[in-house]
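**Student:** Could you have a look at this structure, given as structure tokens, before my questions?
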Amino acid sequence: MRKSHPIRRVVLATAATVSGVVLLLSLKPASDPASASAVGAAAQQSPQGGTGGGAQASAGSGTVTGDATQTQYGTVQVRLTVAGGKVTGAEAVQAPKGGLSDQKTAMAVPKLNQEAVAAQSAQIDSVSGATYTSTGYKKSLQSALDKLKPSSASAGGAAQARTVTGKVAQTQYGPVQVRVTVAGGKVTGAAAVQAPKGGLSDQKTAMAIPRLNQEAVAAGNADIDAVSGATYTSTGYKQSLQSALDQAGG
């Protein structure tokens, strides 16, 4: 009986050792792949979480804001919306406020915005009764257009616009002088820098000049219809328009 005890101890010790080795071997392979797969999953998720970014602005479009212009009744500042190198919208981000200025701003600014888009230049008519606001608007508009010139010049083959002022035409009620904007051999804008003023002439000028400007751009020449009720102004306009076109090369 005494000789059997050492053998039992050796057998038990060996069995315990073998069991321990087997246990370790069974645990190690199970842990490594799991940890490796976890790291791999984290590596795949990290780049996806880090990607992203805002959509880029469309080429050839955007807004540009002119310089703020101080007038006797307040500040005027114009912002333009541009697409494909063309002015597609205009707005006054600042305009005179308070008292009578509210009425004049509400009357003048929408007209000036429309004229700016139609003329594609700052050569637009002042709104009667809102001279100071109109003057400030045109100055800020011109500064906004000036900021667009570098991008316009960089466009290959783009025709540069230029302005030509016709000779003064004397009429029975006052002088008329027309300025046209020409680009690519085409009239893109027209404006009267001088027109009859005072009394009934103010009403006739306000009625006739916008129509004559539109006709000049549409026709591309001085062969346009006279405005009924403003014959003298229309005749003077066409004479000055013709001289401007002659200077521009027909």
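Numbering starts fresh at 1 for the residues of each chain in the structure tokens, the chains themselves are lettered A, B, ... in the order given, and ligands are numbered from 1 as they appear.
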Could you give me the residues within stretch 125-207 of chain A that DSSP places in alpha helix (DSSP H), as a PyMOL selection string?

**Tutor:** chain A and resi 131-154+200-207

**Student:** With a distance cut-off of 9 Å and only C-alpha atoms, select the neighbouring residues of A:Gly89, excluding the residue or stretch itself and same-chain residues fewer than 4 positions from it, and output the selection as a PyMOL selection string.

**Tutor:** chain A and resi 79-82+113-114+116-117

**Student:** What does the distance between atom CA of A:Ser121 and atom CA of A:Lys139 come to in Å, to one decimal place?

**Tutor:**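 Separating atom CA of A:Ser121 from atom CA of A:Lys139 is a distance of 11.0 Å.
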
**Student:** Find, counting only C-alpha atoms, the residue in A:Ala219, A:Leu148, A:Ala230, A:Val64 that gets nearest to A:Gln172.

**Tutor:**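 The shortest atom-to-atom distance to A:Gln172 comes from A:Ala230.
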
**Student:** Among stretch 72-140 of chain A, which residues does DSSP mark as strand (DSSP E or B) when it is run on the backbone? Keep the chain and numbering as in the structure and answer as a PDB file with N, CA, C and O atoms, in the first residue's frame.

**Tutor:**
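Output below, filename selection-v3.pdb:
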ATOM      1  N   GLY A  74     -29.255 108.158 -45.715  1.00  0.00           N
ATOM      2  CA  GLY A  74     -28.886 106.859 -45.166  1.00  0.00           C
ATOM      3  C   GLY A  74     -27.970 106.077 -46.094  1.00  0.00           C
ATOM      4  O   GLY A  74     -27.553 106.571 -47.143  1.00  0.00           O
ATOM      5  N   THR A  75     -27.665 104.861 -45.688  1.00  0.00           N
ATOM      6  CA  THR A  75     -26.723 104.013 -46.416  1.00  0.00           C
ATOM      7  C   THR A  75     -27.451 103.151 -47.442  1.00  0.00           C
ATOM      8  O   THR A  75     -28.540 102.650 -47.183  1.00  0.00           O
ATOM      9  N   VAL A  76     -26.810 102.988 -48.591  1.00  0.00           N
ATOM     10  CA  VAL A  76     -27.327 102.106 -49.629  1.00  0.00           C
ATOM     11  C   VAL A  76     -26.241 101.098 -49.979  1.00  0.00           C
ATOM     12  O   VAL A  76     -25.081 101.469 -50.186  1.00  0.00           O
ATOM     13  N   GLN A  77     -26.603  99.829 -50.019  1.00  0.00           N
ATOM     14  CA  GLN A  77     -25.646  98.779 -50.374  1.00  0.00           C
ATOM     15  C   GLN A  77     -26.362  97.716 -51.197  1.00  0.00           C
ATOM     16  O   GLN A  77     -27.447  97.261 -50.834  1.00  0.00           O
ATOM     17  N   VAL A  78     -25.746  97.326 -52.304  1.00  0.00           N
ATOM     18  CA  VAL A  78     -26.380  96.427 -53.266  1.00  0.00           C
ATOM     19  C   VAL A  78     -25.668  95.079 -53.298  1.00  0.00           C
ATOM     20  O   VAL A  78     -24.437  95.023 -53.244  1.00  0.00           O
ATOM     21  N   ARG A  79     -26.444  94.015 -53.406  1.00  0.00           N
ATOM     22  CA  ARG A  79     -25.900  92.666 -53.561  1.00  0.00           C
ATOM     23  C   ARG A  79     -26.446  92.067 -54.853  1.00  0.00           C
ATOM     24  O   ARG A  79     -27.643  92.144 -55.129  1.00  0.00           O
ATOM     25  N   LEU A  80     -25.554  91.459 -55.630  1.00  0.00           N
ATOM     26  CA  LEU A  80     -25.923  90.864 -56.903  1.00  0.00           C
ATOM     27  C   LEU A  80     -25.827  89.347 -56.835  1.00  0.00           C
ATOM     28  O   LEU A  80     -24.948  88.803 -56.172  1.00  0.00           O
ATOM     29  N   THR A  81     -26.720  88.691 -57.528  1.00  0.00           N
ATOM     30  CA  THR A  81     -26.641  87.251 -57.732  1.00  0.00           C
ATOM     31  C   THR A  81     -26.212  87.019 -59.172  1.00  0.00           C
ATOM     32  O   THR A  81     -26.785  87.596 -60.093  1.00  0.00           O
ATOM     33  N   VAL A  82     -25.188  86.191 -59.333  1.00  0.00           N
ATOM     34  CA  VAL A  82     -24.592  85.991 -60.649  1.00  0.00           C
ATOM     35  C   VAL A  82     -24.613  84.512 -61.005  1.00  0.00           C
ATOM     36  O   VAL A  82     -24.355  83.658 -60.158  1.00  0.00           O
ATOM     37  N   ALA A  83     -24.928  84.216 -62.255  1.00  0.00           N
ATOM     38  CA  ALA A  83     -24.891  82.836 -62.767  1.00  0.00           C
ATOM     39  C   ALA A  83     -24.379  82.871 -64.199  1.00  0.00           C
ATOM     40  O   ALA A  83     -24.891  83.625 -65.024  1.00  0.00           O
ATOM     41  N   LYS A  86     -23.497  86.236 -65.693  1.00  0.00           N
ATOM     42  CA  LYS A  86     -24.578  87.183 -65.941  1.00  0.00           C
ATOM     43  C   LYS A  86     -25.314  87.507 -64.649  1.00  0.00           C
ATOM     44  O   LYS A  86     -25.520  86.636 -63.805  1.00  0.00           O
ATOM     45  N   VAL A  87     -25.697  88.769 -64.488  1.00  0.00           N
ATOM     46  CA  VAL A  87     -26.434  89.197 -63.301  1.00  0.00           C
ATOM     47  C   VAL A  87     -27.866  88.690 -63.421  1.00  0.00           C
ATOM     48  O   VAL A  87     -28.598  89.056 -64.347  1.00  0.00           O
ATOM     49  N   THR A  88     -28.258  87.838 -62.497  1.00  0.00           N
ATOM     50  CA  THR A  88     -29.604  87.261 -62.526  1.00  0.00           C
ATOM     51  C   THR A  88     -30.504  87.813 -61.426  1.00  0.00           C
ATOM     52  O   THR A  88     -31.704  87.558 -61.432  1.00  0.00           O
ATOM     53  N   GLY A  89     -29.927  88.553 -60.498  1.00  0.00           N
ATOM     54  CA  GLY A  89     -30.727  89.132 -59.424  1.00  0.00           C
ATOM     55  C   GLY A  89     -30.000  90.276 -58.749  1.00  0.00           C
ATOM     56  O   GLY A  89     -28.772  90.327 -58.730  1.00  0.00           O
ATOM     57  N   ALA A  90     -30.772  91.217 -58.211  1.00  0.00           N
ATOM     58  CA  ALA A  90     -30.194  92.357 -57.503  1.00  0.00           C
ATOM     59  C   ALA A  90     -31.087  92.703 -56.326  1.00  0.00           C
ATOM     60  O   ALA A  90     -32.319  92.595 -56.411  1.00  0.00           O
ATOM     61  N   GLU A  91     -30.479  93.102 -55.234  1.00  0.00           N
ATOM     62  CA  GLU A  91     -31.232  93.491 -54.053  1.00  0.00           C
ATOM     63  C   GLU A  91     -30.437  94.514 -53.259  1.00  0.00           C
ATOM     64  O   GLU A  91     -29.203  94.564 -53.340  1.00  0.00           O
ATOM     65  N   ALA A  92     -31.153  95.340 -52.514  1.00  0.00           N
ATOM     66  CA  ALA A  92     -30.510  96.321 -51.645  1.00  0.00           C
ATOM     67  C   ALA A  92     -30.491  95.767 -50.230  1.00  0.00           C
ATOM     68  O   ALA A  92     -31.540  95.623 -49.605  1.00  0.00           O
ATOM     69  N   VAL A  93     -29.317  95.421 -49.741  1.00  0.00           N
ATOM     70  CA  VAL A  93     -29.209  94.882 -48.380  1.00  0.00           C
ATOM     71  C   VAL A  93     -29.233  96.008 -47.352  1.00  0.00           C
ATOM     72  O   VAL A  93     -29.469  95.778 -46.172  1.00  0.00           O
ATOM     73  N   GLN A  94     -28.973  97.239 -47.819  1.00  0.00           N
ATOM     74  CA  GLN A  94     -29.135  98.420 -46.986  1.00  0.00           C
ATOM     75  C   GLN A  94     -29.801  99.503 -47.814  1.00  0.00           C
ATOM     76  O   GLN A  94     -29.501  99.661 -48.998  1.00  0.00           O
TER      77      GLN A  94
END

**Student:** Report, in Å with one decimal, the straight-line distance from atom CA of A:Pro196 to atom CA of A:Gly220.

**Tutor:**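 These atoms are spaced 23.7 Å apart.
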
**Student:** Atom CA of A:Tyr173 and atom CA of A:Gln203 are how many Å apart?

**Tutor:**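 So the two atoms, atom CA of A:Tyr173 and atom CA of A:Gln203, lie 12.5 Å apart.
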
**Student:** Taking 3 positions as the minimum chain separation for residues in the same chain, which residues sit within 12 Å of A:Val168 when counting only C-alpha atoms? Answer as a list in words.

**Tutor:** Thr165, Thr171, Gly174, Pro175, Val176, Gln177, Val178, Arg179, Ala192, Val193, Gln194, Ala195, Pro196, Thr233, Thr235, Gly236, Tyr237, Lys238, Gln239, Ser240, Leu241, Gln242, Ser243 and Ala244 of chain A

**Student:** Pick out the closest residue to A:Gly136 from this set: A:Pro110, A:Gly199, A:Pro96, A:Gly85. Count only C-alpha atoms.

**Tutor:** A:Pro96

**Student:** For A:Lys138, which residue out of A:Val180, A:Ala122, A:Ala68, A:Ala216 is the nearest one, using only C-alpha atoms?

**Tutor:** A:Ala122
